[in-house]
Each structure stands twice: as C-alpha cells, then as structure tokens.
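Contents: one structure, followed by commentary.
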Amino acid sequence: MPNYQFSGATTTDSDIFGVRLDHQITANDSVFLRFNRSNQHVISPQALPTYVHTLSNYTQQAAFGYTHIFDPKTILNIRYGYSYVNFASNDEAAGQAFTDAIGFTEAAPAHAGIQLGPQVNISNGFSGVAQFAIPLGPQETMDYHADLSKVVGSHTLGFGGLYYHLRSYDDGWVANMSFAQNATAQGATAGPTGYGPASFLLGTPNSYAPWVGNLGADQTVNWYGVYAQDQWQLTKKLVVTAGIRWDYVTPPNYHKIVSGLDVLTGQFIVSGAVPPYYPTATGPSGFFHPQYNGWEPRFGVVYSATDKSVVHAAFAMLDDHNNTLVQENQNLRLTWPSGIAANFTSLDLGVPTMYFGHLPTASSLLENVAPYASYGANPNNKIPYSMQYNLGVQQQLASNLTMKLDYVGSLSRHQYIVPTVNTALVPGPGPISDRQPFPEYGGPFSYAWNAAPASYDALQAQLQKTLSNGLSFLASYTWSKSMDWQSDPYVNQQPDFYNLKPDWALSDYNRAQMFVFSSLYQLPFGRNKAFLNNAGKLVQTLAGDWNVGGIITLDSGAPFFAFAGGDIANTGGPSQRAQRTGLNPYSGPGFRQTPATWINKAAFAVPALFTYGNEKRNDLVGPSFKNVDFNVSKNFPLFESTQLQFRAEMFNLFNHTNYSTPDSSVQDSQFGQITSAAGFGRQVQFALKLVF
C-alpha cells in the first residue's frame with residue numbers, strides 16, 4: 001500500500017543588505033570597502049505531516065582592497081576579507097514531554113537545549129521520521145592576499161601569496177534507529193519474509209546508532225599559499241601561459257582530544273593522553289600528519305591558426321583542500337573519550353538483543369565503552385587532486401556566430417570517500433563480531449580515506465550568436481562519461497572497503513548526454529524597430545521594447561542500481577545489491593516500461609541468505625530530463641535616467657513532469673515504480689525593478 005501523501009507549503013524569509021565604498025586617493029592609489037549581511041530562514045514540510053524542517057543561515061562579510069600603480073606596467077593589489085557564518089539545519093524536535101512518554105530521554109538526553117526523539121527508518125518502502133540537528137557555526141575566516149602584476153617585454157608576470165586563518169565550529173547529533181523485516185521474518189533471519197512496519201510495532205530494531213556526549217568540532221586551521229605565473233606572447237599568433245602554485249593547510253587544532261582507528265594499520269590513535277588506557281598520545285595532536293606536496297602546475301597554449309580560427313590546449317593540477325576542511329576534519333568530532341557515535345547492528349536476528357523500551361542510556365555508553373572507534377581515518381591521508389586537460393578549436397562562422405569544439409578530460413587521485421569499515425570480513429550467520437577484524441573497538445564505523453580514483457571524458461560542442469538583429473543565443477551539447485568509486489560520501493551508496501573493484505562504475509551524477517539552449521530576442525516592435533517604427537507614445541508604451549527569452553534543458557537520465565533491501569550477507573555494513581536473475585531489466589513477456597513499471601522486476605531477486613548479490617553499481621538508467629523556462633521583460637522610461645523594469649518568468653513552462661529514479665530496493669512493495677518527481681511543476685513569478 002503506498003504511503004500517506006499530503007501537501008505542505010515551504011516558506012522562505014530572506015533579507016540581504018550590502019554597501020560598498022570606493023575612493024581614489026591619488027592617481028596611482030585607490031581603495032574600496034565592502035560590507036554584506038544576509039539572514040535567511042526556510043521552513044519546509046517533512047515526509048509526514050505536522051512537523052517541519054528549518055534551515056537558517058546568517059552571514060556577515062567585510063572586505064578591504066588597496067591598489068597601487070607603480071607605472072603603467074606594474075600593479076600591486078592587496079586584499080583583506082573577513083567572513084562570519086552561522087548555519088543550522090534542524091528537524092523539528094520531538095520535545096522532552098514526548099521522549100519522556102516513550103522512555104527515550106535517558107537514551108538520548110537534550111543536547112544544546114534541543115530534545116530530539118529517535119530518527120526512525122522503516123523498511124519495505126515506508127517513510128520514517130527525521131530527527132537530526134546540525135548547527136554549523138560560528139565559522140570565521142580571515143584572509144589576506146597580495147598580488148603583483150608586471151609586464152616585461154612580451155611577458156606578463158604575476159606573483160602573489162595568501163594566508164587564511166579559519167576557526168569553525170561544527171556540531172550535530174542524532175539517534176538513528178532502523179526497523180527491518182528480520183524480526184518478523186520466518187526464523188528471524190535476513191531474508192525476503194517479514195515486514196518492517198510489523199517489526200516497528202513490536203519495538204525490535206535492526207540497528208541503533210546514537211550520537212552522545214561532546215560532539216562538537218571546534219577547529220582552527222591555517223592555510224598558506226604562493227604562486228607565480230608567466231603569460232608569454234611568443235608571436236602575434238601564439239600565446240603560452242605557464243604557472244606554479246603551492247598550498248599548505250595545517251592539520252586542525254580541535255581544542256580537545258580526538259581519536260580514531262586506522263584500519264590500514266590497526267593502530268588506535270589518540271591525539272592526547274587518556275589514562276589509564278593511553279598514558280601518552282599515540283598520534284599527532286591534530287590527528288593528521290602534515291602534507292607538504294601541494295604543488296599545482298598549470299600550462300596553456302592558444303594559437304590563432306587564421307583570422308577566424310583559434311586552437312587552444314591546457315593542463316592543470318588542482319588540489320582539493322576545501323573538502324579536507326569541511327568534511328575530513330569534522331568527521332573526527334564524534335570521538336572517544338568525550339563523545340561517541342555508537343553503532344549496534346543485527347539486533348533482530350534470532351533472539352532480539354535490544355528492545356525499544358530497553359535501550360542503553362547515554363551515560364552508560366560514555367562510561368563503559370573504552371576505547372571505542374566511532375570514526376576512523378588514515379592519519380597519512382594525501383591531498384586530493386585532479387589533473388585536468390583540454391584541447392579544442394574555436395571557429396568564427398560569421399561576424400556574430402562562433403562555434404567551439406572541445407575535448408575535456410580529467411583524472412583524479414586520492415579522492416575523499418567514506419566507506420564503512422570493521423564490518424564482518426565474510427558473510428555468515430551469527431554475531432558479526434566473530435568475523436570482524438577489530439571487534440575490540442566496537443561495531444562498524446565510517447572511515448575517512450583519501451584513496452579513490454575518478455575520471456571524466458567529454459566532447460563539448462557550442463554554437464553562440466552574439467546580439468544582432470535583436471537575437472542572441474547559446475546552444476551547448478555535451479557527450480560525456482564520469483567514473484568513480486563513490487560520488488558523494490554523504491548521499492550515495494558506500495563502497496565495499498574490502499572489495500572496491502566492483503564499485504568502479506558510472507558516477508551518480510553522470511549524464512551521458514546533455515543539451516542546453518538559451519536565447520534572448522528583442523521583439524521587432526516600436527521605435528527604431530522593423531515594425532511600428534513611427535508608433536505614438538501610447539503604442540510605444542504598450543508594444544515597444546519587449547524582450548523574450550528562454551532556456552531549454554535536456555539530459556539523458558541518471559544512473560542507478562537495485563538494492564537487496566537489507567544486510568542479507570549479515571556483515572554489519574550498508575544494504576547490499578540485488579541478485580540478477582538473468583532476465584533483461586528493460587524487456588520481457590508482458591513488460592511495458594511506464595512510470596509504474598520502469599524496470600522488469602522479474603530481472604532482480606533478493607540474494608540467498610548470507611551471500612552477496614551480483615548486481616553492478618549504476619548499471620541502470622533512470623528517466624530523462626526535459627525542461628523549458630521562459631521569460632518576458634520590458635523597460636518603462638520614467639525620467640531621463642530612471643526606468644521601471646517589468647519581468648515575468650515561467651519555470652517549467654509546459655508543466656512537464658520529470659520523474660525521479662524508481663524505487664530501487666527489491667524488498668519494497670513499490671520496487672521498480674517511480675514514486676516522485678524530479679524538480680517542480682510550473683512556477684510563475686512577476687517582478688518590478690526600479691533602475692536609476
């Protein structure tokens with residue numbers, strides 16, 4: 001039976017303020033000051049009625065810049081910036097009265113004044129209840145930049161450096177609880193029988209993962225960078241650009257002791273002494289060892305083959321330091337001894353070992369579990385980087401029409417992934433602790449690891465017409481292929497740490513073909529136009545100076561794959577993949593592809609108990625995407641230098657329904673069905689803008 005459906009409204013409150021001051025001190029010296037402030041709140045309905053999700057974002061930014069011109073060929077720029085961000089993404093809290101009523105308060109007491117209930121997930125296609133609090137902030141950044149540009153003969157030289165000082169606070173807590181079919185299955189085993197909602201009514205969870213204790217990461221990081229670049233006009237037709245950049249980001253100062261298990265070596269790392277278990281630290285004070293190899297070379301060539309033809313090529317290495325700061329460092333905030341992210345799995349196999357009314361208290365988890373691996377990471381994590389390259393030609397077809405053809409590619413190394421580790425090494429019955437590599441440190445946990453490869457190859461074609469006769473447009477087509485192990489560690493399926501080879505497949509965001517056409521047309525009516533050139537004031541006001549435009553977007557669909565719908569192998573890891581039966585997923589007797597039957601369900605089955613399925617990652621393709629946006633605008637002159645602009649914008653003009661990928665769990669009653677839309681229906685908005 002499908003879930004209960006309801007309509008809910010999303011409200012957005014936003015105010016933005018900004019001011020900028022520019023001052024020319026002398027003919028060679030100028031400064032600017034800028035300040036921006038924004039305050040945004042979004043309240044949106046959750047999957048079930050009566051409670052909401054709140055998103056808030058408060059920011060302040062200030063910037064100062066100084067420019068000095070030594071001579072016409074030498075310019076110095078000095079910049080300073082300050083940023084303050086306070087962000088929160090919270091589900092509406094259940095409240096202490098509710099948690100007291102269900103006996104949950106001691107298991108997950110209030111944190112930072114917020115009393116959450118259990119975050120419930122129910123198998124067999126049923127929606128659960130979200131209870132997650134994520135305050136991020138305050139996050140403060142101070143950045144200093146200095147850049148010197150000098151022209152020497154045919155060379156344009158650039159030198160510069162930067163320094164960032166970052167202080168950020170990140171918190172978040174939840175008590176995840178999942179109910180699978182196991183508790184009500186025949187023999188209480190992980191298999192096709194049983195029913196998730198029935199297990200929920202019995203109060204026998206399959207897994208329980210509370211985050212308790214001091215869960216915040218208050219980290220301070222310094223970032224240093226320098227660069228040098230030369231743009232050389234070798235001949236009138238040939239320009240060569242070469243540069244080098246070096247960045248160094250210090251390991252974080254957490255202002256507390258953090259810990260984690262390095263599963264590559266089996267060493268439990270603590271950043272400070274934790275007697276009596278660890279009289280001294282077993283790893284660096286910032287957990288991670290410094291990485292100094294942040295070299296990023298760049299090289300480019302542009303050659304004018306003819307007056308109308310240009311050939312270009314480029315290569316660059318780009319480091320990803322931002323992900324380290326945003327995700328990798330923050331993962332270790334939920335660590336023993338100050339806090340833990342406990343993970344109890346396979347609780348409903350055989351005789352249940354934990355009931356909803358008899359959950360361990362938060363205090364018992366903190367006092368009786370030591371040492372405990374809530375998270376782990378490789379302390380020698382390398383800097384993620386990407387080698388990007390392109391080769392292309394640009395051809396002028398007419399005075400206002402150009403065409404571009406490019407090959408664009410990249411190879412990425414040491415990419416950040418978060419697999420689940422310390423799972424059972426082999427499938428089988430019984431407790432997973434008997435088959436874990438490190439059972440003494442608790443159950444399975446997430447592991448931050450910079451080791452994944454990725455690749456991207458694309459043919460890109462572009463046709464652009466600059467404004468003439470009132471018309472301009474840009475048409476772009478991309479034929480591409482993106483491959484990786486894991487596209488988004490916090491959204492997509494986790495790779496199997498102990499068998500990564502089968503996870504090399506199409507990226508979750510891969511779109512084999514994409515086409516985008518955008519245009520603007522000034523209607524030929526009114527003064528100085530082809531029609532109604534001698535229009536009077538009234539006709540000109542009504543019919544003149546109208547502009548219309550649109551954007552057409554088409555893509556070939558997102559990849560997906562079929563899940564087994566649970567931990568069939570009984571390893572303590574994430575849901576495994578389905579078993580292929582040998583039938584074609586897109587054809588078969590009586591099969592016709594519709595939103596209700598997007599794939600042939602008979603092509604998939606639940607794997608045999610205590611085995612892995614043979615379904616491959618991202619070997620299926622979901623529905624294509626089609627969208628047309630349209631806008632119309634007109635300027636109404638009011639005074640000599642003042643005009644009123646009217647705009648009407650229509651998103652998804654034809655109200656076309658774009659479908660999401662279908663339900664992909666073989667044990668769900670809606671398996672193979674498309675149950676939601678991607679994007680939104682037609683939206684129309686009007687605006688008036690005073691330009692002076």
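In the structure tokens, chains take letters A, B, ... by order of appearance, with residues numbered from 1 within each chain and ligands from 1 in the order shown.
DSSP secondary structure from the backbone places Ile432, Ser433, Asp434, Pro439, Glu440, Tyr441, Lys501, Pro502 and Asp503 of chain A of range 415-527 of chain A in helix (DSSP H, G or I).
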Considering only C-alpha atoms, tabulate each residue of range 591-684 of chain A that lies at most 9 Å from range 409-432 of chain A along with its nearest interatomic pair and the corresponding distance in Å to one decimal; arrange the rows by chain and ascending residue number and present them as JSON lines.
```
{"residue": "A:Leu609", "atom": "CA", "partner": "A:Gly428", "partner_atom": "CA", "distance": 8.4}
{"residue": "A:Phe610", "atom": "CA", "partner": "A:Gly428", "partner_atom": "CA", "distance": 5.0}
{"residue": "A:Thr611", "atom": "CA", "partner": "A:Pro427", "partner_atom": "CA", "distance": 6.1}
{"residue": "A:Tyr612", "atom": "CA", "partner": "A:Pro427", "partner_atom": "CA", "distance": 7.8}
```
Take the residues that were just selected and, keeping C-alpha atoms, output them as an mmCIF file, in the first residue's frame.
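That gives us part04.cif:
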```cif
data_model
loop_
_atom_site.group_PDB
_atom_site.id
_atom_site.type_symbol
_atom_site.label_atom_id
_atom_site.label_comp_id
_atom_site.auth_asym_id
_atom_site.auth_seq_id
_atom_site.Cartn_x
_atom_site.Cartn_y
_atom_site.Cartn_z
ATOM 1 C CA LEU A 609 20.767 -15.675 2.782
ATOM 2 C CA PHE A 610 24.363 -14.906 3.838
ATOM 3 C CA THR A 611 25.509 -14.130 0.289
ATOM 4 C CA TYR A 612 26.190 -11.015 -1.797
#
```
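Nearest to Phe680 in chain A of all the residues A:Ala602, A:Ala370, A:Met650, A:Ala342 is A:Met650, based on only C-alpha atoms.
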Would you give me, as a Markdown table, each residue of range 239-323 of chain A having an atom within 10 Å of an atom of range 163-180 of chain A, along with its shortest atom pair and that distance in Å to one decimal, using only C-alpha atoms and sorting by chain and residue number?
```
| residue | atom | partner | partner_atom | distance |
| --- | --- | --- | --- | --- |
| A:Asp247 | CA | A:Tyr163 | CA | 9.7 |
| A:Tyr248 | CA | A:Tyr163 | CA | 9.8 |
| A:Val249 | CA | A:Tyr164 | CA | 9.2 |
| A:Pro252 | CA | A:Arg167 | CA | 9.6 |
| A:Asn253 | CA | A:Arg167 | CA | 9.4 |
| A:Tyr254 | CA | A:Tyr169 | CA | 9.5 |
```
7 Å contact set for range 87-91 of chain A, only C-alpha atoms, chain neighbours under 4 positions out, as an NGL selection string: :A and (52-58 or 130-137)
For CA of Ala569 in chain A and CA of Pro118 in chain A, quote the distance in Å rounded to one decimal. 26.3 Å
Within 12 Å of Ala62 in chain A using only C-alpha atoms, minus same-chain residues under 2 positions, as number ranges by chain: A: 17-21, 32-37, 59-60, 64-65, 79-85, 140-143
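Note that CA of Ala185 in chain A and CA of Asn600 in chain A are 25.6 Å apart.
When only C-alpha atoms are used to measure the gap to Gly243 in chain A, the shortest distance among A:His289, A:Ala316, A:Thr361, A:Asp218 belongs to A:Ala316.
Residues of range 624-664 of chain A assigned to strand (DSSP E or B) by DSSP on this structure's backbone: Phe625, Lys626, Asn627, Val628, Asp629, Phe630, Asn631, Val632, Ser633, Lys634, Asn635, Phe636, Pro637, Leu638, Phe639, Thr642, Gln643, Leu644, Gln645, Phe646, Arg647, Ala648, Glu649, Met650, Phe651 and Tyr659 of chain A.
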Written file, previous selection with N, CA and C atoms, as a PDB file, in the first residue's frame:
```pdb
ATOM      1  N   PHE A 625      15.486  13.937 -18.568  1.00  0.00           N
ATOM      2  CA  PHE A 625      15.011  15.205 -18.003  1.00  0.00           C
ATOM      3  C   PHE A 625      14.753  16.181 -19.129  1.00  0.00           C
ATOM      4  N   LYS A 626      13.584  16.834 -19.103  1.00  0.00           N
ATOM      5  CA  LYS A 626      13.215  17.820 -20.120  1.00  0.00           C
ATOM      6  C   LYS A 626      12.580  19.017 -19.411  1.00  0.00           C
ATOM      7  N   ASN A 627      13.075  20.207 -19.734  1.00  0.00           N
ATOM      8  CA  ASN A 627      12.525  21.392 -19.084  1.00  0.00           C
ATOM      9  C   ASN A 627      12.666  22.608 -19.994  1.00  0.00           C
ATOM     10  N   VAL A 628      11.645  23.470 -19.969  1.00  0.00           N
ATOM     11  CA  VAL A 628      11.662  24.728 -20.710  1.00  0.00           C
ATOM     12  C   VAL A 628      11.281  25.852 -19.753  1.00  0.00           C
ATOM     13  N   ASP A 629      12.175  26.847 -19.636  1.00  0.00           N
ATOM     14  CA  ASP A 629      11.887  28.060 -18.877  1.00  0.00           C
ATOM     15  C   ASP A 629      11.702  29.215 -19.855  1.00  0.00           C
ATOM     16  N   PHE A 630      10.863  30.170 -19.482  1.00  0.00           N
ATOM     17  CA  PHE A 630      10.547  31.282 -20.383  1.00  0.00           C
ATOM     18  C   PHE A 630      10.460  32.563 -19.575  1.00  0.00           C
ATOM     19  N   ASN A 631      10.916  33.670 -20.185  1.00  0.00           N
ATOM     20  CA  ASN A 631      10.801  34.959 -19.507  1.00  0.00           C
ATOM     21  C   ASN A 631      10.467  36.041 -20.507  1.00  0.00           C
ATOM     22  N   VAL A 632       9.796  37.077 -20.035  1.00  0.00           N
ATOM     23  CA  VAL A 632       9.459  38.249 -20.840  1.00  0.00           C
ATOM     24  C   VAL A 632       9.705  39.479 -19.972  1.00  0.00           C
ATOM     25  N   SER A 633      10.259  40.542 -20.568  1.00  0.00           N
ATOM     26  CA  SER A 633      10.576  41.737 -19.797  1.00  0.00           C
ATOM     27  C   SER A 633      10.394  42.985 -20.658  1.00  0.00           C
ATOM     28  N   LYS A 634      10.234  44.122 -19.969  1.00  0.00           N
ATOM     29  CA  LYS A 634      10.080  45.403 -20.659  1.00  0.00           C
ATOM     30  C   LYS A 634      10.503  46.517 -19.723  1.00  0.00           C
ATOM     31  N   ASN A 635      11.188  47.508 -20.292  1.00  0.00           N
ATOM     32  CA  ASN A 635      11.585  48.689 -19.538  1.00  0.00           C
ATOM     33  C   ASN A 635      10.645  49.842 -19.869  1.00  0.00           C
ATOM     34  N   PHE A 636      10.116  50.494 -18.813  1.00  0.00           N
ATOM     35  CA  PHE A 636       9.242  51.652 -18.972  1.00  0.00           C
ATOM     36  C   PHE A 636      10.001  52.898 -18.528  1.00  0.00           C
ATOM     37  N   PRO A 637      10.355  53.824 -19.442  1.00  0.00           N
ATOM     38  CA  PRO A 637      11.061  55.050 -19.041  1.00  0.00           C
ATOM     39  C   PRO A 637      10.165  55.909 -18.144  1.00  0.00           C
ATOM     40  N   LEU A 638      10.742  56.377 -17.033  1.00  0.00           N
ATOM     41  CA  LEU A 638      10.020  57.272 -16.129  1.00  0.00           C
ATOM     42  C   LEU A 638      10.554  58.691 -16.224  1.00  0.00           C
ATOM     43  N   PHE A 639      11.858  58.816 -16.060  1.00  0.00           N
ATOM     44  CA  PHE A 639      12.514  60.110 -16.163  1.00  0.00           C
ATOM     45  C   PHE A 639      13.742  59.941 -17.050  1.00  0.00           C
ATOM     46  N   THR A 642      15.898  57.301 -15.221  1.00  0.00           N
ATOM     47  CA  THR A 642      15.174  56.358 -14.361  1.00  0.00           C
ATOM     48  C   THR A 642      14.165  55.581 -15.193  1.00  0.00           C
ATOM     49  N   GLN A 643      14.129  54.281 -14.956  1.00  0.00           N
ATOM     50  CA  GLN A 643      13.158  53.454 -15.662  1.00  0.00           C
ATOM     51  C   GLN A 643      12.660  52.342 -14.755  1.00  0.00           C
ATOM     52  N   LEU A 644      11.479  51.878 -15.064  1.00  0.00           N
ATOM     53  CA  LEU A 644      10.864  50.787 -14.317  1.00  0.00           C
ATOM     54  C   LEU A 644      10.900  49.537 -15.188  1.00  0.00           C
ATOM     55  N   GLN A 645      11.486  48.457 -14.651  1.00  0.00           N
ATOM     56  CA  GLN A 645      11.591  47.213 -15.409  1.00  0.00           C
ATOM     57  C   GLN A 645      10.562  46.210 -14.901  1.00  0.00           C
ATOM     58  N   PHE A 646       9.797  45.668 -15.838  1.00  0.00           N
ATOM     59  CA  PHE A 646       8.822  44.616 -15.527  1.00  0.00           C
ATOM     60  C   PHE A 646       9.358  43.292 -16.054  1.00  0.00           C
ATOM     61  N   ARG A 647       9.253  42.225 -15.240  1.00  0.00           N
ATOM     62  CA  ARG A 647       9.689  40.890 -15.652  1.00  0.00           C
ATOM     63  C   ARG A 647       8.632  39.859 -15.268  1.00  0.00           C
ATOM     64  N   ALA A 648       8.405  38.930 -16.171  1.00  0.00           N
ATOM     65  CA  ALA A 648       7.567  37.760 -15.876  1.00  0.00           C
ATOM     66  C   ALA A 648       8.381  36.523 -16.246  1.00  0.00           C
ATOM     67  N   GLU A 649       8.522  35.609 -15.305  1.00  0.00           N
ATOM     68  CA  GLU A 649       9.342  34.413 -15.509  1.00  0.00           C
ATOM     69  C   GLU A 649       8.510  33.175 -15.242  1.00  0.00           C
ATOM     70  N   MET A 650       8.600  32.230 -16.163  1.00  0.00           N
ATOM     71  CA  MET A 650       7.840  30.991 -16.050  1.00  0.00           C
ATOM     72  C   MET A 650       8.813  29.821 -16.095  1.00  0.00           C
ATOM     73  N   PHE A 651       8.921  29.104 -14.995  1.00  0.00           N
ATOM     74  CA  PHE A 651       9.793  27.942 -14.901  1.00  0.00           C
ATOM     75  C   PHE A 651       8.964  26.683 -15.160  1.00  0.00           C
ATOM     76  N   TYR A 659      10.500  12.740 -13.981  1.00  0.00           N
ATOM     77  CA  TYR A 659      10.438  11.703 -12.964  1.00  0.00           C
ATOM     78  C   TYR A 659      11.806  11.466 -12.322  1.00  0.00           C
TER      79      TYR A 659
END
```
